[in-house]
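**Q** First the structure, which I've put down as structure tokens, then a few questions once you've had a look.
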Amino acid sequence: MLNGPNLNLLGQREPTLYGRETLVAIETRLVAQAKAGGHELVCAQSNAEHVLLERIHAAPRDQVRCIIINAGAWTHTSIALRDALLGVAIPFVEVHLSNIHAREEFRHRSLLADRAVGVICGFGPLGYEFALRAAMAEADRASP
Ligand code: DQA
């Protein structure tokens with residue numbers, strides 16, 4: 001599960017939009033849920049685009065079967081992130097805490113969405129749990 005810029009601030013950042021739960025708390029819960037579902041979830045967050053790109057590049061070597069990604073603001077701007085995800089050809093689930101379609105117009109467009117398995121947005125931290133369910137189903141489908 002990859003989280004992009006500013007998501008390390010979850011819990012304190014605009015809580016009316018993003019909730020009060022920290023990213024560490026979300027990650028800890030999801031790792032346990034993945035384990036209970038018979039999968040391993042590895043989490044990374046970065047404010048440096050190249051760090052996420054390199055994690056994506058390493059994903060085939062790491063035998064990643066599905067990527068959950070909240071690319072934050074890079075969702076709307078980063079062709080590089082799109083190219084990396086398409087380059088490794090690993091299915092990915094896009095997630096956003098807020099409903100990006102109910103916000104500023106510049107957030108309505110995602111450079112990832114048309115190639116995602118699916119997009120989950122507007123459910124706050126719960127969205128990551130939905131994304132995990134979807135990612136586990138995708139991973140099982142790809143290699144049961
Ligand atoms: C976000 C939505 C983005 O537009 C924003 O830049 C973020 C968080 C979300 O989870 O709702 O950083 O990805």
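Residues in the structure tokens are named by chain (A, B, ... in the order shown) and by number from 1 within that chain; ligands are numbered from 1 in the order shown.
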Taking only C-alpha atoms and all ligand atoms into account, which residues are within 9 Å of ligand 1, as JSON, numbers by chain?
**A** {"A": [3, 4, 5, 6, 7, 17, 18, 70, 71, 72, 73, 74, 75, 76, 95, 96, 97, 98, 99, 100, 103, 104, 106, 107, 108, 110, 121, 122, 124, 125]}
**Q** Taking the chain letters and numbering used in this document, name the residues of region 20-106 of chain A that DSSP puts in strand (DSSP E), as a PyMOL selection string.
**A** chain A and resi 44-45+67-70+92-96
**Q** Go ahead and write the selection's residues with N, CA and C atoms as an mmCIF file, in the first residue's frame.
**A**
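See selection03.cif below for the written result:
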data_model
loop_
_atom_site.group_PDB
_atom_site.id
_atom_site.type_symbol
_atom_site.label_atom_id
_atom_site.label_comp_id
_atom_site.auth_asym_id
_atom_site.auth_seq_id
_atom_site.Cartn_x
_atom_site.Cartn_y
_atom_site.Cartn_z
ATOM 1 N N ALA A 44 4.069 1.800 2.554
ATOM 2 C CA ALA A 44 5.085 2.844 2.427
ATOM 3 C C ALA A 44 4.399 4.173 2.145
ATOM 4 N N GLN A 45 4.947 5.216 2.747
ATOM 5 C CA GLN A 45 4.464 6.585 2.462
ATOM 6 C C GLN A 45 5.680 7.420 2.149
ATOM 7 N N ILE A 67 -1.389 -3.478 -5.969
ATOM 8 C CA ILE A 67 -0.960 -2.248 -5.285
ATOM 9 C C ILE A 67 -2.203 -1.449 -4.899
ATOM 10 N N ILE A 68 -2.240 -1.014 -3.645
ATOM 11 C CA ILE A 68 -3.257 -0.050 -3.200
ATOM 12 C C ILE A 68 -2.549 1.290 -3.160
ATOM 13 N N ILE A 69 -3.099 2.285 -3.815
ATOM 14 C CA ILE A 69 -2.392 3.569 -3.849
ATOM 15 C C ILE A 69 -3.310 4.749 -3.599
ATOM 16 N N ASN A 70 -2.911 5.570 -2.621
ATOM 17 C CA ASN A 70 -3.472 6.912 -2.484
ATOM 18 C C ASN A 70 -2.320 7.854 -2.836
ATOM 19 N N PHE A 92 -3.753 -2.282 -9.793
ATOM 20 C CA PHE A 92 -3.767 -1.372 -8.635
ATOM 21 C C PHE A 92 -5.163 -0.862 -8.358
ATOM 22 N N VAL A 93 -5.390 -0.582 -7.075
ATOM 23 C CA VAL A 93 -6.647 -0.017 -6.595
ATOM 24 C C VAL A 93 -6.348 1.394 -6.115
ATOM 25 N N GLU A 94 -7.075 2.359 -6.635
ATOM 26 C CA GLU A 94 -6.872 3.769 -6.248
ATOM 27 C C GLU A 94 -7.817 4.111 -5.102
ATOM 28 N N VAL A 95 -7.281 4.769 -4.104
ATOM 29 C CA VAL A 95 -8.124 5.142 -2.970
ATOM 30 C C VAL A 95 -7.881 6.597 -2.576
ATOM 31 N N HIS A 96 -8.953 7.252 -2.163
ATOM 32 C CA HIS A 96 -8.885 8.607 -1.609
ATOM 33 C C HIS A 96 -9.801 8.658 -0.398
#
**Q** Quick one: residues within 8 Å of Arg65 (chain A), only C-alpha atoms counted, chain neighbours fewer than 4 positions away excluded, as an MDAnalysis selection string?
**A** chainID A and resid 90:91 138:139 142
**Q** Give me, please, the distance in Å between CA of Leu112 (chain A) and CA of Arg82 (chain A), quoted to one decimal.
**A** 5.6 Å
**Q** What separation in Å, quoted to one decimal, exists between CA of Asp140 (chain A) and CA of Ala89 (chain A)?
**A** 16.3 Å
**Q** What's the 6 Å shell around Thr22 (chain A), counting only C-alpha atoms, without same-chain residues fewer than 3 positions away, as a count of residues only?
**A** 3
**Q** List every residue of chain A that DSSP, applied to the backbone, labels as alpha helix (DSSP H), and write the result as a PyMOL selection string.
**A** chain A and resi 15-18+23-36+49-58+79-88+126-142
**Q** Work out how far apart CA of Val88 (chain A) and CA of Arg61 (chain A) are and give it in Å to one decimal.
**A**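 Straight-line distance from CA of Val88 (chain A) to CA of Arg61 (chain A) works out to 10.0 Å.
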